[in-house]
Amino acid sequence: MDSPGYNCFVDRAKMDRAIRDAGPRELSCTELPELKQLARQGYWAHSHALRGQVYQRLIRDIPCRAVTPDASVYSDIVGKIVGKHSGSSLPLPEFVDSSQVPSYCLNPRGEGAVRKILLCVAHQFPDISFCPALPAVVALLLHYSLDEAECFEKTCRILACNDPSKRLIDQSFLAFESSCMTFGDLVNKYCQAAHKLMVAVSEDVLQVYSDWQRWLFGELPLSYFARVFDVFLVEGYKVLYRVALAILKFFHKVRAGQPLESDNVKQDIRLFVKDIAKTVSPEKLLEKAFAIRLFSRKEIQLLQLANEKALKHRGITVKQKSVSLYRRQFVHLAVHAENFHSEIVSVKEMRDIWSWVPERFALCQPLLLFSSLQHGYSLTRFYFQCEGHEPTLLLIKTTQKEVCGAYLSTDWSERNKFGGKLGFFGTGECFVFRPEVQRYEWVVIKHPELTKATPVAPPEATAAPSQLGHAVPLDPTDRLSPFLAARHFNLPSKTESMFMAGGSDCLVIGGGGGQALYIDGDLNRGRTGHCDTFNNQPLCSENFLIAAVEAWGFQDPNTQNPGP
């Protein structure tokens, strides 16, 4: 066939080598479930003309703002904005954050067209403040557009999507930064081996995860990125997280046990992604991505809300030079010996524990709230010192020098809602651990088949008393740890949601069929065993005597008064 459908912006020789064009095929299905299946299978991946038709249709169906710039707008404004400059000499808009324009087999005319389109987008969308993914999106769409104006219109429709349930591309620094934190949370939960490697080889693991969108929008070869984009247009933003997690899993598989090629793990991952064809095919990458058992789109949305709230609280809403310095500072707070002293764990052990906590609290520095060696062996004193702090970290050292602990998502003052009786509260972010050995998370994380996510009620709804015995707000933005709260799930029994409980005579972490940790009211004796909530092994000797107990809070570096 003389022309497989490439336009004047594409270098045909390069394109033929990158994506074999098998000729056009018809697409007869119209239902979303069928399109979803075909996109994952790569049905139109080897037909340049058919992919262009599918993109046209999918983007046309995106719900948009009432007034969205179209091709005619581009024709009207491009001359005024670009002037007589050649495309290659045009500057990029500030919101792309110095991102390079991926060539993706474009010829010089195509690369210049991308710059022209980006400048016109900046003119029509002055509210976009940070969008480093956009050059890659425009470069890809230009392959499957008849001209610059059509590519501009497609880009505008993606940016102007007004369906709150269909998140597409981050357009502000706040959204971008919270997505990086969300990705870190997901790595922490679903790629624990890779996360452990990142913590071991990188001084700044959050900076590694902040690169995740670059892996997709820029480093992935065209044939891979196009396949990801096929599915992204059908299924939305969650696809990006899945593919990035799969990339990290493959990186860990290849590099685990081997020395990294440099002392910069960010650069190592970028190089791995650029050369990913040496390791895995596009089909295997997507297969791995969809084999990851994430809960749902709802989990990602609630994580994003919580992380955005944490960033707003700290005043990080726009990109500025101080942000990278700020991030380096909070990452190192738990590892600097001069800033940390514990009678129970070393600096290295605390750094490892800190890497397990949700990203929004890794922004904070450890603050010693209670120490049995300083405040005495009293559970009443423990509660007094810890109330008003959420979350907290509990550390225990036995007389046999064994160490264990728990991350506790909820303020201990919640225990007062039970009228003196022992009642469980907390969220699924709680976990128990042995430092440098293992973390035991909520059993539902490992076995999501135990439950199904339930719809979150609208913010104005009033909560009824939950199965845990107290009223819980239904607004997902009301708490910083909402996404795994028990109220979001239909659990077969409440034993899977027995996270933490406290009374005057004992403290319990994890319940149902046993207790992960039990401590008596004198902070003298304890016991540990298997419990249904965390499905854990005993954390130390099953019956133990306590040498020391510490509780740590999470102090915002911007807060002058650490509280009680």
# chains A, B, ... in the order shown; residues from 1 in each chain; ligands from 1

$ residues_around --residues "Pro135 (chain A)" --least-positions-apart "2" --cutoff "8 Å" --atoms "only C-alpha atoms" --output "list of chain:residue names"
A:Val96, A:Ser99, A:Gln100, A:Val101, A:Pro102, A:Val114, A:Leu118, A:Pro132, A:Ala133, A:Val137, A:Val138, A:Ala139

$ write_last_selection --atoms "N, CA and C atoms" --output "PDB file, in the first residue's frame"
ATOM      1  N   VAL A  96       5.058  23.739  30.812  1.00  0.00           N
ATOM      2  CA  VAL A  96       5.600  22.414  30.506  1.00  0.00           C
ATOM      3  C   VAL A  96       6.851  22.128  31.326  1.00  0.00           C
ATOM      4  N   SER A  99      10.148  20.627  29.853  1.00  0.00           N
ATOM      5  CA  SER A  99      10.072  19.282  29.282  1.00  0.00           C
ATOM      6  C   SER A  99      10.521  19.317  27.822  1.00  0.00           C
ATOM      7  N   GLN A 100      11.231  18.305  27.424  1.00  0.00           N
ATOM      8  CA  GLN A 100      11.623  18.191  26.035  1.00  0.00           C
ATOM      9  C   GLN A 100      10.438  17.675  25.217  1.00  0.00           C
ATOM     10  N   VAL A 101      10.369  18.115  23.973  1.00  0.00           N
ATOM     11  CA  VAL A 101       9.325  17.607  23.085  1.00  0.00           C
ATOM     12  C   VAL A 101       9.800  16.279  22.516  1.00  0.00           C
ATOM     13  N   PRO A 102       9.139  15.162  22.864  1.00  0.00           N
ATOM     14  CA  PRO A 102       9.563  13.872  22.296  1.00  0.00           C
ATOM     15  C   PRO A 102       9.388  13.876  20.782  1.00  0.00           C
ATOM     16  N   VAL A 114       4.387  20.941  16.966  1.00  0.00           N
ATOM     17  CA  VAL A 114       4.079  20.696  18.381  1.00  0.00           C
ATOM     18  C   VAL A 114       4.262  21.978  19.188  1.00  0.00           C
ATOM     19  N   LEU A 118       1.354  23.998  21.271  1.00  0.00           N
ATOM     20  CA  LEU A 118       1.488  24.228  22.711  1.00  0.00           C
ATOM     21  C   LEU A 118       1.321  25.709  23.049  1.00  0.00           C
ATOM     22  N   PRO A 132       3.629  19.211  32.563  1.00  0.00           N
ATOM     23  CA  PRO A 132       4.794  18.701  31.831  1.00  0.00           C
ATOM     24  C   PRO A 132       4.484  17.518  30.916  1.00  0.00           C
ATOM     25  N   ALA A 133       3.311  16.893  31.066  1.00  0.00           N
ATOM     26  CA  ALA A 133       2.956  15.757  30.208  1.00  0.00           C
ATOM     27  C   ALA A 133       2.472  16.193  28.831  1.00  0.00           C
ATOM     28  N   VAL A 137       1.800  14.361  24.775  1.00  0.00           N
ATOM     29  CA  VAL A 137       0.433  14.133  24.300  1.00  0.00           C
ATOM     30  C   VAL A 137       0.230  14.778  22.931  1.00  0.00           C
ATOM     31  N   VAL A 138       0.666  16.025  22.792  1.00  0.00           N
ATOM     32  CA  VAL A 138       0.503  16.724  21.515  1.00  0.00           C
ATOM     33  C   VAL A 138       1.317  16.031  20.423  1.00  0.00           C
ATOM     34  N   ALA A 139       2.541  15.624  20.751  1.00  0.00           N
ATOM     35  CA  ALA A 139       3.389  14.955  19.757  1.00  0.00           C
ATOM     36  C   ALA A 139       2.745  13.666  19.265  1.00  0.00           C
TER      37      ALA A 139
END

$ residues_around --residues "region 498-508 of chain A" --least-positions-apart "3" --cutoff "8 Å" --atoms "only C-alpha atoms" --output "PyMOL selection string"
chain A and resi 379-380+408+412+415+420-428+430+494-495+511-512+515-522+533

$ select_by_dssp --residues "region 133-266 of chain A" --states "alpha helix (DSSP H)" --output "PyMOL selection string"
chain A and resi 134-143+148-159+173-190+192-201+205-209+212-214+222-235+238-255+265-266

$ atom_distance --atom1 "CA of Leu302 (chain A)" --atom2 "CA of Leu286 (chain A)"
24.4 Å

$ residues_around --residues "region 386-402 of chain A" --least-positions-apart "2" --cutoff "9 Å" --atoms "only C-alpha atoms" --output "ChimeraX atom specification"
/A:343-345,361,369-370,381-384,404-414,434,526,539-541,544-554,563-564

$ write_last_selection --atoms "N, CA and C atoms" --output "compact mmCIF listing (two decimals), in the first residue's frame"
# COMPACT_ATOMS: atom_id res chain seq x y z
N GLU A 343 15.39 5.31 72.33
CA GLU A 343 15.95 4.25 73.16
C GLU A 343 15.63 2.87 72.57
N ILE A 344 14.84 2.85 71.49
CA ILE A 344 14.34 1.56 70.98
C ILE A 344 14.89 1.22 69.60
N VAL A 345 14.90 2.19 68.67
CA VAL A 345 15.33 1.90 67.30
C VAL A 345 16.50 2.81 66.92
N PHE A 361 2.35 11.98 55.20
CA PHE A 361 2.95 12.12 56.52
C PHE A 361 4.46 12.00 56.47
N LEU A 369 6.51 11.87 71.40
CA LEU A 369 5.36 12.27 72.22
C LEU A 369 5.42 11.65 73.61
N PHE A 370 5.81 10.38 73.64
CA PHE A 370 5.81 9.65 74.92
C PHE A 370 6.99 8.70 74.96
N ARG A 381 -0.86 8.15 81.26
CA ARG A 381 0.09 9.17 80.81
C ARG A 381 0.34 9.04 79.29
N PHE A 382 0.38 7.81 78.81
CA PHE A 382 0.56 7.56 77.38
C PHE A 382 -0.55 8.25 76.59
N TYR A 383 -1.81 8.03 77.02
CA TYR A 383 -2.93 8.66 76.32
C TYR A 383 -2.84 10.18 76.38
N PHE A 384 -2.49 10.71 77.55
CA PHE A 384 -2.41 12.16 77.74
C PHE A 384 -1.40 12.78 76.78
N CYS A 404 9.26 -4.26 68.20
CA CYS A 404 8.12 -4.31 67.28
C CYS A 404 7.34 -3.01 67.44
N GLY A 405 6.32 -2.84 66.63
CA GLY A 405 5.56 -1.61 66.73
C GLY A 405 4.35 -1.58 65.82
N ALA A 406 3.73 -0.41 65.75
CA ALA A 406 2.52 -0.25 64.95
C ALA A 406 2.41 1.20 64.50
N TYR A 407 1.94 1.37 63.26
CA TYR A 407 1.55 2.69 62.75
C TYR A 407 0.05 2.80 62.94
N LEU A 408 -0.39 3.87 63.62
CA LEU A 408 -1.79 4.00 64.05
C LEU A 408 -2.38 5.28 63.45
N SER A 409 -3.39 5.11 62.63
CA SER A 409 -3.87 6.19 61.78
C SER A 409 -4.71 7.23 62.49
N THR A 410 -5.24 6.91 63.68
CA THR A 410 -6.29 7.73 64.27
C THR A 410 -5.91 8.21 65.67
N ASP A 411 -6.37 9.40 66.01
CA ASP A 411 -6.11 10.00 67.33
C ASP A 411 -6.64 9.07 68.43
N TRP A 412 -5.83 8.87 69.45
CA TRP A 412 -6.25 8.00 70.56
C TRP A 412 -7.46 8.55 71.32
N SER A 413 -7.78 9.83 71.14
CA SER A 413 -8.95 10.38 71.81
C SER A 413 -10.25 9.74 71.32
N GLU A 414 -10.21 9.06 70.15
CA GLU A 414 -11.40 8.37 69.64
C GLU A 414 -11.91 7.32 70.62
N ARG A 434 7.83 -5.38 62.39
CA ARG A 434 9.12 -5.60 63.05
C ARG A 434 10.15 -4.86 62.21
N GLY A 526 3.02 -7.68 77.95
CA GLY A 526 2.33 -7.67 76.67
C GLY A 526 2.28 -9.04 76.05
N LEU A 539 4.81 -10.81 66.55
CA LEU A 539 5.81 -9.79 66.27
C LEU A 539 7.08 -9.95 67.10
N CYS A 540 6.99 -10.76 68.17
CA CYS A 540 8.14 -11.07 69.01
C CYS A 540 7.75 -12.30 69.83
N SER A 541 8.36 -12.54 70.98
CA SER A 541 7.92 -13.63 71.85
C SER A 541 6.46 -13.40 72.22
N PHE A 544 5.52 -11.30 76.58
CA PHE A 544 6.78 -10.60 76.80
C PHE A 544 6.65 -9.58 77.93
N LEU A 545 7.80 -9.23 78.49
CA LEU A 545 7.91 -8.14 79.45
C LEU A 545 8.46 -6.92 78.71
N ILE A 546 7.96 -5.74 79.07
CA ILE A 546 8.30 -4.52 78.36
C ILE A 546 9.47 -3.81 79.03
N ALA A 547 10.47 -3.49 78.21
CA ALA A 547 11.60 -2.69 78.70
C ALA A 547 11.35 -1.21 78.44
N ALA A 548 10.76 -0.88 77.28
CA ALA A 548 10.53 0.53 76.94
C ALA A 548 9.40 0.64 75.93
N VAL A 549 8.66 1.74 76.02
CA VAL A 549 7.60 2.07 75.07
C VAL A 549 7.80 3.52 74.63
N GLU A 550 7.68 3.75 73.33
CA GLU A 550 7.73 5.11 72.81
C GLU A 550 6.57 5.33 71.85
N ALA A 551 6.08 6.55 71.82
CA ALA A 551 5.09 6.96 70.83
C ALA A 551 5.62 8.19 70.11
N TRP A 552 5.59 8.14 68.80
CA TRP A 552 6.10 9.23 67.98
C TRP A 552 4.97 9.85 67.17
N GLY A 553 4.99 11.16 67.08
CA GLY A 553 4.03 11.88 66.25
C GLY A 553 4.70 12.36 64.98
N PHE A 554 3.92 13.04 64.15
CA PHE A 554 4.38 13.53 62.85
C PHE A 554 4.24 15.04 62.84
N GLY A 563 2.54 21.14 70.04
CA GLY A 563 1.36 20.65 70.74
C GLY A 563 1.76 20.00 72.05
N PRO A 564 0.78 19.32 72.71
CA PRO A 564 1.07 18.74 74.01
C PRO A 564 2.08 17.61 73.92

$ select_by_dssp --residues "region 325-418 of chain A" --states "strand (DSSP E)" --output "compact mmCIF listing (two decimals) with N, CA and C atoms, in the first residue's frame"
# COMPACT_ATOMS: atom_id res chain seq x y z
N GLN A 365 8.28 15.53 60.23
CA GLN A 365 9.44 15.02 60.94
C GLN A 365 8.97 14.28 62.20
N PRO A 366 9.73 13.28 62.65
CA PRO A 366 9.33 12.53 63.84
C PRO A 366 9.41 13.39 65.10
N LEU A 367 8.39 13.30 65.91
CA LEU A 367 8.30 14.07 67.16
C LEU A 367 8.01 13.10 68.29
N LEU A 368 8.90 13.00 69.25
CA LEU A 368 8.70 12.09 70.39
C LEU A 368 7.59 12.62 71.29
N LEU A 369 6.51 11.87 71.40
CA LEU A 369 5.36 12.27 72.22
C LEU A 369 5.42 11.65 73.61
N PHE A 370 5.81 10.38 73.64
CA PHE A 370 5.81 9.65 74.92
C PHE A 370 6.99 8.70 74.96
N SER A 371 7.64 8.65 76.10
CA SER A 371 8.69 7.69 76.36
C SER A 371 8.51 7.16 77.78
N THR A 392 0.01 8.31 64.82
CA THR A 392 1.12 8.10 65.75
C THR A 392 1.82 6.80 65.42
N LEU A 393 3.05 6.69 65.90
CA LEU A 393 3.85 5.49 65.69
C LEU A 393 4.22 4.92 67.05
N LEU A 394 3.84 3.68 67.30
CA LEU A 394 4.10 3.02 68.58
C LEU A 394 5.30 2.09 68.43
N LEU A 395 6.27 2.22 69.34
CA LEU A 395 7.46 1.37 69.35
C LEU A 395 7.56 0.67 70.70
N ILE A 396 7.88 -0.62 70.68
CA ILE A 396 8.00 -1.42 71.91
C ILE A 396 9.31 -2.18 71.89
N LYS A 397 10.01 -2.16 73.02
CA LYS A 397 11.21 -2.97 73.20
C LYS A 397 11.01 -3.89 74.38
N THR A 398 11.23 -5.19 74.20
CA THR A 398 11.02 -6.15 75.28
C THR A 398 12.30 -6.31 76.10
N VAL A 403 12.19 -5.95 69.24
CA VAL A 403 11.54 -4.67 68.92
C VAL A 403 10.39 -4.91 67.94
N CYS A 404 9.26 -4.26 68.20
CA CYS A 404 8.12 -4.31 67.28
C CYS A 404 7.34 -3.01 67.44
N GLY A 405 6.32 -2.84 66.63
CA GLY A 405 5.56 -1.61 66.73
C GLY A 405 4.35 -1.58 65.82
N ALA A 406 3.73 -0.41 65.75
CA ALA A 406 2.52 -0.25 64.95
C ALA A 406 2.41 1.20 64.50
N TYR A 407 1.94 1.37 63.26
CA TYR A 407 1.55 2.69 62.75
C TYR A 407 0.05 2.80 62.94
N LEU A 408 -0.39 3.87 63.62
CA LEU A 408 -1.79 4.00 64.05
C LEU A 408 -2.38 5.28 63.45

$ atom_distance --atom1 "CA of Lys288 (chain A)" --atom2 "CA of Leu248 (chain A)"
10.7 Å

$ residues_around --residues "Ile59 (chain A)" --least-positions-apart "5" --cutoff "12 Å" --atoms "only C-alpha atoms" --output "ChimeraX atom specification"
/A:51-54,64,141,144-145,150-161,168,229-230,232-234,236

$ closest_residue --among "A:Arg351, A:Ile62, A:Tyr190, A:Glu496" --to "Asp204 (chain A)" --atoms "only C-alpha atoms"
A:Arg351
